[in-house]
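The data block below is entry09.pdb; it holds PDB, C-alpha atoms.
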ATOM      1  CA  GLY A   1     -28.896  -4.007   7.884  1.00  0.00           C
ATOM      2  CA  ASN A   2     -25.979  -5.605   9.675  1.00  0.00           C
ATOM      3  CA  SER A   3     -25.641  -5.273  13.426  1.00  0.00           C
ATOM      4  CA  VAL A   4     -23.627  -6.598  16.365  1.00  0.00           C
ATOM      5  CA  THR A   5     -24.882  -6.835  19.944  1.00  0.00           C
ATOM      6  CA  GLN A   6     -22.496  -7.370  22.855  1.00  0.00           C
ATOM      7  CA  MET A   7     -23.299  -8.107  26.458  1.00  0.00           C
ATOM      8  CA  GLU A   8     -23.675  -5.073  28.643  1.00  0.00           C
ATOM      9  CA  GLY A   9     -20.674  -4.113  30.714  1.00  0.00           C
ATOM     10  CA  PRO A  10     -18.726  -3.357  32.632  1.00  0.00           C
ATOM     11  CA  VAL A  11     -17.526  -6.808  33.611  1.00  0.00           C
ATOM     12  CA  THR A  12     -15.461  -7.102  36.788  1.00  0.00           C
ATOM     13  CA  LEU A  13     -13.593 -10.310  37.611  1.00  0.00           C
ATOM     14  CA  SER A  14     -10.932 -11.559  39.971  1.00  0.00           C
ATOM     15  CA  GLU A  15      -7.637 -12.802  38.561  1.00  0.00           C
ATOM     16  CA  GLU A  16      -7.815 -16.418  37.313  1.00  0.00           C
ATOM     17  CA  ALA A  17     -11.606 -16.281  36.881  1.00  0.00           C
ATOM     18  CA  PHE A  18     -13.346 -17.581  33.737  1.00  0.00           C
ATOM     19  CA  LEU A  19     -14.395 -14.959  31.213  1.00  0.00           C
ATOM     20  CA  THR A  20     -17.297 -14.968  28.767  1.00  0.00           C
ATOM     21  CA  ILE A  21     -18.340 -11.945  26.726  1.00  0.00           C
ATOM     22  CA  ASN A  22     -21.398 -12.632  24.623  1.00  0.00           C
ATOM     23  CA  CYS A  23     -21.690 -11.416  21.051  1.00  0.00           C
ATOM     24  CA  THR A  24     -24.554 -12.000  18.626  1.00  0.00           C
ATOM     25  CA  TYR A  25     -24.935 -10.642  15.139  1.00  0.00           C
ATOM     26  CA  THR A  26     -27.358 -10.007  12.294  1.00  0.00           C
ATOM     27  CA  ALA A  27     -25.980 -10.068   8.776  1.00  0.00           C
ATOM     28  CA  THR A  28     -26.799 -11.093   5.252  1.00  0.00           C
ATOM     29  CA  GLY A  29     -24.685 -13.653   3.476  1.00  0.00           C
ATOM     30  CA  TYR A  30     -21.572 -15.099   5.067  1.00  0.00           C
ATOM     31  CA  PRO A  31     -19.816 -12.541   7.252  1.00  0.00           C
ATOM     32  CA  SER A  32     -16.409 -12.785   8.867  1.00  0.00           C
ATOM     33  CA  LEU A  33     -16.315 -12.199  12.618  1.00  0.00           C
ATOM     34  CA  PHE A  34     -13.651 -10.458  14.693  1.00  0.00           C
ATOM     35  CA  TRP A  35     -12.750  -9.628  18.259  1.00  0.00           C
ATOM     36  CA  TYR A  36     -10.645  -6.529  18.831  1.00  0.00           C
ATOM     37  CA  VAL A  37      -9.172  -5.275  22.116  1.00  0.00           C
ATOM     38  CA  GLN A  38      -8.517  -1.643  23.056  1.00  0.00           C
ATOM     39  CA  TYR A  39      -6.260  -0.621  25.935  1.00  0.00           C
ATOM     40  CA  PRO A  40      -6.743   2.844  27.473  1.00  0.00           C
ATOM     41  CA  GLY A  41      -5.823   5.659  25.110  1.00  0.00           C
ATOM     42  CA  GLU A  42      -4.779   3.308  22.315  1.00  0.00           C
ATOM     43  CA  GLY A  43      -6.065   2.028  19.009  1.00  0.00           C
ATOM     44  CA  LEU A  44      -7.668  -1.361  18.418  1.00  0.00           C
ATOM     45  CA  GLN A  45      -5.667  -4.560  18.204  1.00  0.00           C
ATOM     46  CA  LEU A  46      -6.967  -7.673  16.499  1.00  0.00           C
ATOM     47  CA  LEU A  47      -7.439 -10.397  19.079  1.00  0.00           C
ATOM     48  CA  LEU A  48      -8.846 -13.174  16.901  1.00  0.00           C
ATOM     49  CA  LYS A  49     -11.077 -13.821  13.911  1.00  0.00           C
ATOM     50  CA  ALA A  50     -13.129 -16.499  12.167  1.00  0.00           C
ATOM     51  CA  THR A  51     -14.183 -16.434   8.542  1.00  0.00           C
ATOM     52  CA  LYS A  52     -16.662 -19.296   8.243  1.00  0.00           C
ATOM     53  CA  ALA A  53     -19.146 -21.261  10.282  1.00  0.00           C
ATOM     54  CA  ASP A  54     -17.704 -23.551  12.984  1.00  0.00           C
ATOM     55  CA  ASP A  55     -14.274 -21.912  12.734  1.00  0.00           C
ATOM     56  CA  LYS A  56     -12.612 -21.279  16.081  1.00  0.00           C
ATOM     57  CA  GLY A  57     -10.364 -18.252  16.438  1.00  0.00           C
ATOM     58  CA  SER A  58      -7.809 -18.271  19.247  1.00  0.00           C
ATOM     59  CA  ASN A  59      -5.002 -16.070  20.535  1.00  0.00           C
ATOM     60  CA  LYS A  60      -3.313 -15.405  23.899  1.00  0.00           C
ATOM     61  CA  GLY A  61      -5.634 -17.852  25.675  1.00  0.00           C
ATOM     62  CA  PHE A  62      -8.793 -16.261  24.235  1.00  0.00           C
ATOM     63  CA  GLU A  63     -11.149 -18.296  22.052  1.00  0.00           C
ATOM     64  CA  ALA A  64     -14.332 -17.720  20.074  1.00  0.00           C
ATOM     65  CA  THR A  65     -16.318 -20.076  17.830  1.00  0.00           C
ATOM     66  CA  TYR A  66     -18.374 -18.890  14.842  1.00  0.00           C
ATOM     67  CA  ARG A  67     -21.849 -20.358  15.422  1.00  0.00           C
ATOM     68  CA  LYS A  68     -24.068 -19.734  12.423  1.00  0.00           C
ATOM     69  CA  GLU A  69     -27.062 -21.561  13.892  1.00  0.00           C
ATOM     70  CA  THR A  70     -27.175 -19.200  16.887  1.00  0.00           C
ATOM     71  CA  THR A  71     -25.567 -16.215  15.068  1.00  0.00           C
ATOM     72  CA  SER A  72     -23.063 -15.899  17.895  1.00  0.00           C
ATOM     73  CA  PHE A  73     -19.332 -15.400  18.425  1.00  0.00           C
ATOM     74  CA  HIS A  74     -18.842 -15.425  22.194  1.00  0.00           C
ATOM     75  CA  LEU A  75     -15.383 -14.619  23.572  1.00  0.00           C
ATOM     76  CA  GLU A  76     -13.976 -16.885  26.310  1.00  0.00           C
ATOM     77  CA  LYS A  77     -10.832 -17.184  28.373  1.00  0.00           C
ATOM     78  CA  GLY A  78     -10.221 -19.801  31.023  1.00  0.00           C
ATOM     79  CA  SER A  79      -8.139 -17.719  33.427  1.00  0.00           C
ATOM     80  CA  VAL A  80      -7.972 -13.924  33.137  1.00  0.00           C
ATOM     81  CA  GLN A  81      -5.072 -11.758  34.249  1.00  0.00           C
ATOM     82  CA  VAL A  82      -4.928  -8.155  35.427  1.00  0.00           C
ATOM     83  CA  SER A  83      -3.262  -7.319  32.112  1.00  0.00           C
ATOM     84  CA  ASP A  84      -6.447  -8.407  30.269  1.00  0.00           C
ATOM     85  CA  SER A  85      -8.249  -5.322  31.586  1.00  0.00           C
ATOM     86  CA  ALA A  86      -9.377  -3.456  28.463  1.00  0.00           C
ATOM     87  CA  VAL A  87     -12.366  -2.803  26.222  1.00  0.00           C
ATOM     88  CA  TYR A  88     -13.352  -5.666  23.932  1.00  0.00           C
ATOM     89  CA  PHE A  89     -15.183  -5.132  20.641  1.00  0.00           C
ATOM     90  CA  CYS A  90     -16.968  -7.713  18.554  1.00  0.00           C
ATOM     91  CA  ALA A  91     -17.216  -6.840  14.853  1.00  0.00           C
ATOM     92  CA  LEU A  92     -18.330  -8.306  11.554  1.00  0.00           C
ATOM     93  CA  ALA A  93     -17.449  -7.786   7.915  1.00  0.00           C
ATOM     94  CA  ALA A  94     -20.099  -8.607   5.339  1.00  0.00           C
ATOM     95  CA  GLY A  95     -20.408  -8.226   1.596  1.00  0.00           C
ATOM     96  CA  GLY A  96     -23.105  -6.605  -0.494  1.00  0.00           C
ATOM     97  CA  THR A  97     -23.699  -2.912   0.191  1.00  0.00           C
ATOM     98  CA  SER A  98     -21.551  -3.207   3.335  1.00  0.00           C
ATOM     99  CA  TYR A  99     -18.497  -4.084   1.277  1.00  0.00           C
ATOM    100  CA  GLY A 100     -15.326  -2.938   3.013  1.00  0.00           C
ATOM    101  CA  LYS A 101     -17.038  -1.928   6.247  1.00  0.00           C
ATOM    102  CA  LEU A 102     -16.610  -3.317   9.746  1.00  0.00           C
ATOM    103  CA  THR A 103     -19.746  -3.172  11.882  1.00  0.00           C
ATOM    104  CA  PHE A 104     -18.896  -2.963  15.594  1.00  0.00           C
ATOM    105  CA  GLY A 105     -20.681  -3.739  18.808  1.00  0.00           C
ATOM    106  CA  GLN A 106     -20.678  -1.067  21.490  1.00  0.00           C
ATOM    107  CA  GLY A 107     -17.760  -2.608  23.378  1.00  0.00           C
ATOM    108  CA  THR A 108     -17.513  -4.350  26.754  1.00  0.00           C
ATOM    109  CA  ILE A 109     -15.268  -2.963  29.477  1.00  0.00           C
ATOM    110  CA  LEU A 110     -13.407  -5.680  31.384  1.00  0.00           C
ATOM    111  CA  THR A 111     -11.689  -4.979  34.686  1.00  0.00           C
ATOM    112  CA  VAL A 112      -9.665  -7.718  36.376  1.00  0.00           C
ATOM    113  CA  HIS A 113      -8.668  -7.309  40.026  1.00  0.00           C
ATOM    114  CA  PRO A 114      -5.682  -9.037  41.660  1.00  0.00           C
TER     115      PRO A 114
ATOM    116  CA  ASP B   1       8.640  -2.432  11.833  1.00  0.00           C
ATOM    117  CA  GLY B   2       5.522  -2.275   9.692  1.00  0.00           C
ATOM    118  CA  GLY B   3       2.556  -0.423  11.021  1.00  0.00           C
ATOM    119  CA  ILE B   4       0.199   2.520  10.955  1.00  0.00           C
ATOM    120  CA  THR B   5       1.100   5.902  12.384  1.00  0.00           C
ATOM    121  CA  GLN B   6      -1.303   8.698  13.196  1.00  0.00           C
ATOM    122  CA  SER B   7      -0.447  12.221  14.146  1.00  0.00           C
ATOM    123  CA  PRO B   8      -0.894  14.182  16.218  1.00  0.00           C
ATOM    124  CA  LYS B   9      -1.954  12.082  19.221  1.00  0.00           C
ATOM    125  CA  TYR B  10      -3.933  14.996  20.663  1.00  0.00           C
ATOM    126  CA  LEU B  11      -5.404  17.892  18.696  1.00  0.00           C
ATOM    127  CA  PHE B  12      -7.295  20.936  19.869  1.00  0.00           C
ATOM    128  CA  ARG B  13      -9.376  23.044  17.540  1.00  0.00           C
ATOM    129  CA  LYS B  14     -11.388  26.189  17.857  1.00  0.00           C
ATOM    130  CA  GLU B  15     -14.897  26.218  16.474  1.00  0.00           C
ATOM    131  CA  GLY B  16     -14.978  27.220  12.818  1.00  0.00           C
ATOM    132  CA  GLN B  17     -11.519  25.868  12.005  1.00  0.00           C
ATOM    133  CA  ASN B  18     -10.675  23.017   9.672  1.00  0.00           C
ATOM    134  CA  VAL B  19      -8.097  20.500  10.887  1.00  0.00           C
ATOM    135  CA  THR B  20      -6.307  17.658   9.126  1.00  0.00           C
ATOM    136  CA  LEU B  21      -5.437  14.358  10.780  1.00  0.00           C
ATOM    137  CA  SER B  22      -2.554  12.373   9.360  1.00  0.00           C
ATOM    138  CA  CYS B  23      -2.502   8.629   8.696  1.00  0.00           C
ATOM    139  CA  GLU B  24       0.467   6.794   7.188  1.00  0.00           C
ATOM    140  CA  GLN B  25       1.012   3.064   6.711  1.00  0.00           C
ATOM    141  CA  ASN B  26       4.021   1.049   5.570  1.00  0.00           C
ATOM    142  CA  LEU B  27       2.238  -2.287   5.358  1.00  0.00           C
ATOM    143  CA  ASN B  28       1.833  -2.018   1.568  1.00  0.00           C
ATOM    144  CA  HIS B  29      -1.941  -2.245   2.048  1.00  0.00           C
ATOM    145  CA  ASP B  30      -4.253  -1.112  -0.731  1.00  0.00           C
ATOM    146  CA  ALA B  31      -7.282  -0.258   1.418  1.00  0.00           C
ATOM    147  CA  MET B  32      -7.455   2.415   4.114  1.00  0.00           C
ATOM    148  CA  TYR B  33     -10.238   3.578   6.423  1.00  0.00           C
ATOM    149  CA  TRP B  34     -11.217   6.296   8.874  1.00  0.00           C
ATOM    150  CA  TYR B  35     -13.429   5.560  11.878  1.00  0.00           C
ATOM    151  CA  ARG B  36     -14.824   7.741  14.620  1.00  0.00           C
ATOM    152  CA  GLN B  37     -15.211   6.514  18.203  1.00  0.00           C
ATOM    153  CA  ASP B  38     -17.396   8.228  20.782  1.00  0.00           C
ATOM    154  CA  PRO B  39     -17.413   7.333  24.506  1.00  0.00           C
ATOM    155  CA  GLY B  40     -19.243   4.090  25.242  1.00  0.00           C
ATOM    156  CA  GLN B  41     -19.879   3.374  21.587  1.00  0.00           C
ATOM    157  CA  GLY B  42     -18.448   1.234  18.870  1.00  0.00           C
ATOM    158  CA  LEU B  43     -16.632   2.631  15.879  1.00  0.00           C
ATOM    159  CA  ARG B  44     -18.422   4.219  12.943  1.00  0.00           C
ATOM    160  CA  LEU B  45     -16.998   4.411   9.422  1.00  0.00           C
ATOM    161  CA  ILE B  46     -16.360   7.870   7.983  1.00  0.00           C
ATOM    162  CA  TYR B  47     -14.578   7.180   4.661  1.00  0.00           C
ATOM    163  CA  TYR B  48     -12.678   4.377   3.038  1.00  0.00           C
ATOM    164  CA  SER B  49     -10.389   3.997   0.037  1.00  0.00           C
ATOM    165  CA  GLN B  50      -9.710   0.865  -1.952  1.00  0.00           C
ATOM    166  CA  ILE B  51      -6.960   2.280  -4.166  1.00  0.00           C
ATOM    167  CA  VAL B  52      -5.075   5.496  -4.828  1.00  0.00           C
ATOM    168  CA  ASN B  53      -7.208   8.379  -6.108  1.00  0.00           C
ATOM    169  CA  ASP B  54     -10.432   6.621  -5.154  1.00  0.00           C
ATOM    170  CA  PHE B  55     -12.480   6.838  -1.948  1.00  0.00           C
ATOM    171  CA  GLN B  56     -16.041   6.199  -0.801  1.00  0.00           C
ATOM    172  CA  LYS B  57     -18.280   7.671   1.871  1.00  0.00           C
ATOM    173  CA  GLY B  58     -19.028   5.611   4.925  1.00  0.00           C
ATOM    174  CA  ASP B  59     -21.939   5.975   7.317  1.00  0.00           C
ATOM    175  CA  ILE B  60     -21.074   9.395   8.753  1.00  0.00           C
ATOM    176  CA  ALA B  61     -19.162  11.294   6.013  1.00  0.00           C
ATOM    177  CA  GLU B  62     -20.924  14.656   6.418  1.00  0.00           C
ATOM    178  CA  GLY B  63     -18.508  17.366   7.571  1.00  0.00           C
ATOM    179  CA  TYR B  64     -15.410  15.344   6.648  1.00  0.00           C
ATOM    180  CA  SER B  65     -13.198  15.103   3.570  1.00  0.00           C
ATOM    181  CA  VAL B  66     -10.310  12.845   2.545  1.00  0.00           C
ATOM    182  CA  SER B  67      -7.722  12.418  -0.180  1.00  0.00           C
ATOM    183  CA  ARG B  68      -5.675   9.450  -1.351  1.00  0.00           C
ATOM    184  CA  GLU B  69      -2.820  10.726  -3.490  1.00  0.00           C
ATOM    185  CA  LYS B  70      -0.333   8.101  -2.294  1.00  0.00           C
ATOM    186  CA  LYS B  71      -0.796   4.482  -1.354  1.00  0.00           C
ATOM    187  CA  GLU B  72       0.793   5.076   2.054  1.00  0.00           C
ATOM    188  CA  SER B  73      -1.223   8.115   3.087  1.00  0.00           C
ATOM    189  CA  PHE B  74      -4.911   8.821   3.777  1.00  0.00           C
ATOM    190  CA  PRO B  75      -5.372  12.179   5.543  1.00  0.00           C
ATOM    191  CA  LEU B  76      -8.721  13.163   7.026  1.00  0.00           C
ATOM    192  CA  THR B  77      -9.909  16.790   7.186  1.00  0.00           C
ATOM    193  CA  VAL B  78     -12.508  17.664   9.773  1.00  0.00           C
ATOM    194  CA  THR B  79     -14.270  20.723   8.440  1.00  0.00           C
ATOM    195  CA  SER B  80     -16.193  23.440  10.233  1.00  0.00           C
ATOM    196  CA  ALA B  81     -19.352  21.839   8.849  1.00  0.00           C
ATOM    197  CA  GLN B  82     -18.946  18.890  11.229  1.00  0.00           C
ATOM    198  CA  LYS B  83     -21.354  19.731  14.042  1.00  0.00           C
ATOM    199  CA  ASN B  84     -19.867  17.647  16.815  1.00  0.00           C
ATOM    200  CA  PRO B  85     -16.245  16.831  15.954  1.00  0.00           C
ATOM    201  CA  THR B  86     -14.923  16.065  19.436  1.00  0.00           C
ATOM    202  CA  ALA B  87     -14.085  12.347  19.297  1.00  0.00           C
ATOM    203  CA  PHE B  88     -11.335   9.750  18.998  1.00  0.00           C
ATOM    204  CA  TYR B  89     -10.383   9.144  15.352  1.00  0.00           C
ATOM    205  CA  LEU B  90      -8.900   5.869  14.218  1.00  0.00           C
ATOM    206  CA  CYS B  91      -7.271   5.040  10.912  1.00  0.00           C
ATOM    207  CA  ALA B  92      -7.046   1.471   9.649  1.00  0.00           C
ATOM    208  CA  SER B  93      -5.712  -0.414   6.651  1.00  0.00           C
ATOM    209  CA  SER B  94      -6.112  -3.821   5.052  1.00  0.00           C
ATOM    210  CA  THR B  95      -4.809  -5.695   2.042  1.00  0.00           C
ATOM    211  CA  GLY B  96      -8.174  -5.311   0.329  1.00  0.00           C
ATOM    212  CA  LEU B  97     -11.918  -5.058   0.836  1.00  0.00           C
ATOM    213  CA  ALA B  98     -12.654  -8.767   0.964  1.00  0.00           C
ATOM    214  CA  VAL B  99     -14.847  -9.936   3.806  1.00  0.00           C
ATOM    215  CA  THR B 100     -11.991 -12.076   5.100  1.00  0.00           C
ATOM    216  CA  ASP B 101      -9.389  -9.289   5.093  1.00  0.00           C
ATOM    217  CA  THR B 102      -8.315  -8.062   8.515  1.00  0.00           C
ATOM    218  CA  GLN B 103      -8.266  -4.339   9.245  1.00  0.00           C
ATOM    219  CA  TYR B 104      -5.280  -3.145  11.294  1.00  0.00           C
ATOM    220  CA  PHE B 105      -5.624   0.024  13.323  1.00  0.00           C
ATOM    221  CA  GLY B 106      -3.366   2.933  14.176  1.00  0.00           C
ATOM    222  CA  PRO B 107      -3.023   4.422  17.681  1.00  0.00           C
ATOM    223  CA  GLY B 108      -5.639   7.131  17.097  1.00  0.00           C
ATOM    224  CA  THR B 109      -5.936  10.915  17.335  1.00  0.00           C
ATOM    225  CA  ARG B 110      -8.063  12.515  20.024  1.00  0.00           C
ATOM    226  CA  LEU B 111      -9.665  15.712  18.705  1.00  0.00           C
ATOM    227  CA  THR B 112     -11.164  18.238  21.087  1.00  0.00           C
ATOM    228  CA  VAL B 113     -13.070  21.297  19.951  1.00  0.00           C
ATOM    229  CA  LEU B 114     -12.702  24.208  22.355  1.00  0.00           C
TER     230      LEU B 114
END
structure tokens encoding of this file:
Amino acid sequence: GNSVTQMEGPVTLSEEAFLTINCTYTATGYPSLFWYVQYPGEGLQLLLKATKADDKGSNKGFEATYRKETTSFHLEKGSVQVSDSAVYFCALAAGGTSYGKLTFGQGTILTVHP
Amino acid sequence: DGGITQSPKYLFRKEGQNVTLSCEQNLNHDAMYWYRQDPGQGLRLIYYSQIVNDFQKGDIAEGYSVSREKKESFPLTVTSAQKNPTAFYLCASSTGLAVTDTQYFGPGTRLTVL
């Protein structure tokens, strides 16, 4: 079946540090890949997405590139801010029997200190 | 503003009671979803609906029921048959079930069984 594996958290960084959160996936066919962010007590917000190999999604300084050869979709940001502290989820959408379903990783908690 | 609303934000239930969580969207989306989130875990799909008067079970449908009588509304009932209902429940919607369609999430309802 489909699955998503994210790097273990929590991740703690100082403001302006470089961020990488690793995400790898297993899926049949040609999935779409997503990063969502969740602030405390809130729902999920779409951060970025990519729908085919070599696509780069970007938003608010965050980037991720769909790498089919390594089945990865790592999230990066060059300079994090305190306001980026949240939980980040990698997810995929695939066809076949998984039609209509998002498969999520377990989430990575990011804390950024001033 | 277009979006997804969920109510109530917090819900307390005694064991043996059924409770219904509300989800409304004004995005004119055809597809709607219910997910469950437990601490430290990703989201798991409970039910989804592609169109009015049609819905499908997700991965963890046991102990839950839904209806889709209107395009805008997709209420979830947590029945007394659900063994461990305490969780954060998230509703989502999308234009359709295509792999490339983005799911947008509501703010969530936190259910606690006393």
**Request:** Kindly provide, as a ChimeraX atom specification, the residues of chain B having any atom no farther than 12 Å from an atom of chain A, counting only C-alpha atoms.
**Result:** /B:3-6,9-10,30-50,55-59,88-110
Selected residues, C-alpha atoms, written as a tab-separated table (two decimals), keeping the file's coordinate frame, please.
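out.tsv was written with the following content:
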chain	number	residue	atom	x	y	z
B	3	GLY	CA	2.56	-0.42	11.02
B	4	ILE	CA	0.20	2.52	10.96
B	5	THR	CA	1.10	5.90	12.38
B	6	GLN	CA	-1.30	8.70	13.20
B	9	LYS	CA	-1.95	12.08	19.22
B	10	TYR	CA	-3.93	15.00	20.66
B	30	ASP	CA	-4.25	-1.11	-0.73
B	31	ALA	CA	-7.28	-0.26	1.42
B	32	MET	CA	-7.46	2.42	4.11
B	33	TYR	CA	-10.24	3.58	6.42
B	34	TRP	CA	-11.22	6.30	8.87
B	35	TYR	CA	-13.43	5.56	11.88
B	36	ARG	CA	-14.82	7.74	14.62
B	37	GLN	CA	-15.21	6.51	18.20
B	38	ASP	CA	-17.40	8.23	20.78
B	39	PRO	CA	-17.41	7.33	24.51
B	40	GLY	CA	-19.24	4.09	25.24
B	41	GLN	CA	-19.88	3.37	21.59
B	42	GLY	CA	-18.45	1.23	18.87
B	43	LEU	CA	-16.63	2.63	15.88
B	44	ARG	CA	-18.42	4.22	12.94
B	45	LEU	CA	-17.00	4.41	9.42
B	46	ILE	CA	-16.36	7.87	7.98
B	47	TYR	CA	-14.58	7.18	4.66
B	48	TYR	CA	-12.68	4.38	3.04
B	49	SER	CA	-10.39	4.00	0.04
B	50	GLN	CA	-9.71	0.86	-1.95
B	55	PHE	CA	-12.48	6.84	-1.95
B	56	GLN	CA	-16.04	6.20	-0.80
B	57	LYS	CA	-18.28	7.67	1.87
B	58	GLY	CA	-19.03	5.61	4.92
B	59	ASP	CA	-21.94	5.98	7.32
B	88	PHE	CA	-11.34	9.75	19.00
B	89	TYR	CA	-10.38	9.14	15.35
B	90	LEU	CA	-8.90	5.87	14.22
B	91	CYS	CA	-7.27	5.04	10.91
B	92	ALA	CA	-7.05	1.47	9.65
B	93	SER	CA	-5.71	-0.41	6.65
B	94	SER	CA	-6.11	-3.82	5.05
B	95	THR	CA	-4.81	-5.70	2.04
B	96	GLY	CA	-8.17	-5.31	0.33
B	97	LEU	CA	-11.92	-5.06	0.84
B	98	ALA	CA	-12.65	-8.77	0.96
B	99	VAL	CA	-14.85	-9.94	3.81
B	100	THR	CA	-11.99	-12.08	5.10
B	101	ASP	CA	-9.39	-9.29	5.09
B	102	THR	CA	-8.32	-8.06	8.52
B	103	GLN	CA	-8.27	-4.34	9.24
B	104	TYR	CA	-5.28	-3.14	11.29
B	105	PHE	CA	-5.62	0.02	13.32
B	106	GLY	CA	-3.37	2.93	14.18
B	107	PRO	CA	-3.02	4.42	17.68
B	108	GLY	CA	-5.64	7.13	17.10
B	109	THR	CA	-5.94	10.92	17.34
B	110	ARG	CA	-8.06	12.52	20.02
Please evaluate the PyMOL selection byres ((chain A and resi 60) around 10) against the structure above and give the resulting residues as a PDB file with C-alpha atoms, in the coordinates of the input.
ATOM      1  CA  LEU A  47      -7.439 -10.397  19.079  1.00  0.00           C
ATOM      2  CA  LEU A  48      -8.846 -13.174  16.901  1.00  0.00           C
ATOM      3  CA  SER A  58      -7.809 -18.271  19.247  1.00  0.00           C
ATOM      4  CA  ASN A  59      -5.002 -16.070  20.535  1.00  0.00           C
ATOM      5  CA  GLY A  61      -5.634 -17.852  25.675  1.00  0.00           C
ATOM      6  CA  PHE A  62      -8.793 -16.261  24.235  1.00  0.00           C
ATOM      7  CA  GLU A  63     -11.149 -18.296  22.052  1.00  0.00           C
ATOM      8  CA  LYS A  77     -10.832 -17.184  28.373  1.00  0.00           C
ATOM      9  CA  ASP A  84      -6.447  -8.407  30.269  1.00  0.00           C
TER      10      ASP A  84
END
**Prompt:** Nearest to B:Leu11: which of B:Ala61, B:Cys23, B:Leu76, B:Val113 is it, counting all atoms listed in the file?
**Reply:**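 Counting all atoms listed in the file, the residue closest to B:Leu11 is B:Val113.
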Excluding same-chain residues fewer than 6 positions from stretch 64-74 of chain B, what lies within 6 Å of it counting all atoms listed in the file, as a CSV table (one decimal) with C-alpha atoms, in the frame of the given file?
chain,number,residue,atom,x,y,z
B,23,CYS,CA,-2.5,8.6,8.7
B,24,GLU,CA,0.5,6.8,7.2
B,25,GLN,CA,1.0,3.1,6.7
B,52,VAL,CA,-5.1,5.5,-4.8
B,53,ASN,CA,-7.2,8.4,-6.1
**Message:** Would you compute the distance between atom CA of B:Leu21 and atom CA of B:Ala87? Give it in Å to one decimal.
**Reply:**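 Atom CA of B:Ala87 lies at a distance of 12.3 Å from atom CA of B:Leu21.
Between atom CA of A:Arg67 and atom CA of A:Ser79 lies a distance of 22.8 Å.
Around A:Thr26, within 10 Å and counting only C-alpha atoms, the residues found are Gly1, Asn2, Ser3, Val4, Thr5, Thr71, Ser72 and Leu92 of chain A, once anything fewer than 6 positions away on its own chain is removed.
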**Request:** Step by step, work through what the PyMOL selection byres ((chain A and resi 65) around 7) selects in the shown file, and finish by giving those residues as a PyMOL selection string.
**Result:** chain A and resi 54-57+63-64+66-67+73-74
Edge lengths and centre in Å to one decimal, as lines of an AutoDock Vina configuration file, of the axis-aligned box that encloses all listed atoms of stretch 72-82 of chain B with 4 Å added on every side?
center_x = -9.3
center_y = 14.3
center_z = 6.6
size_x = 28.1
size_y = 26.4
size_z = 17.2
**Asked** From the list A:Ala53, A:Leu13, A:Leu19, A:Ala27, which residue is nearest A:His113 when using all atoms listed in the file?
**Response** A:Leu13
**Message:** Evaluated on this file, the PyMOL selection byres ((chain B and resi 82) around 12) picks out some residues - which ones are they, written as a list of chain:residue names?
**Reply:** B:Glu15, B:Gly16, B:Gln17, B:Asn18, B:Val19, B:Ile46, B:Ile60, B:Ala61, B:Glu62, B:Gly63, B:Tyr64, B:Ser65, B:Thr77, B:Val78, B:Thr79, B:Ser80, B:Ala81, B:Lys83, B:Asn84, B:Pro85, B:Thr86, B:Ala87, B:Val113
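All polymer residues at most 6 Å from (-23.6, -12.7, 24.2), using all atoms listed in the file, appear as Gln6, Met7, Ile21, Asn22, Cys23, Thr24 and His74 of chain A.
The space between atom CA of A:Gln81 and atom CA of A:Trp35 spans 17.9 Å.
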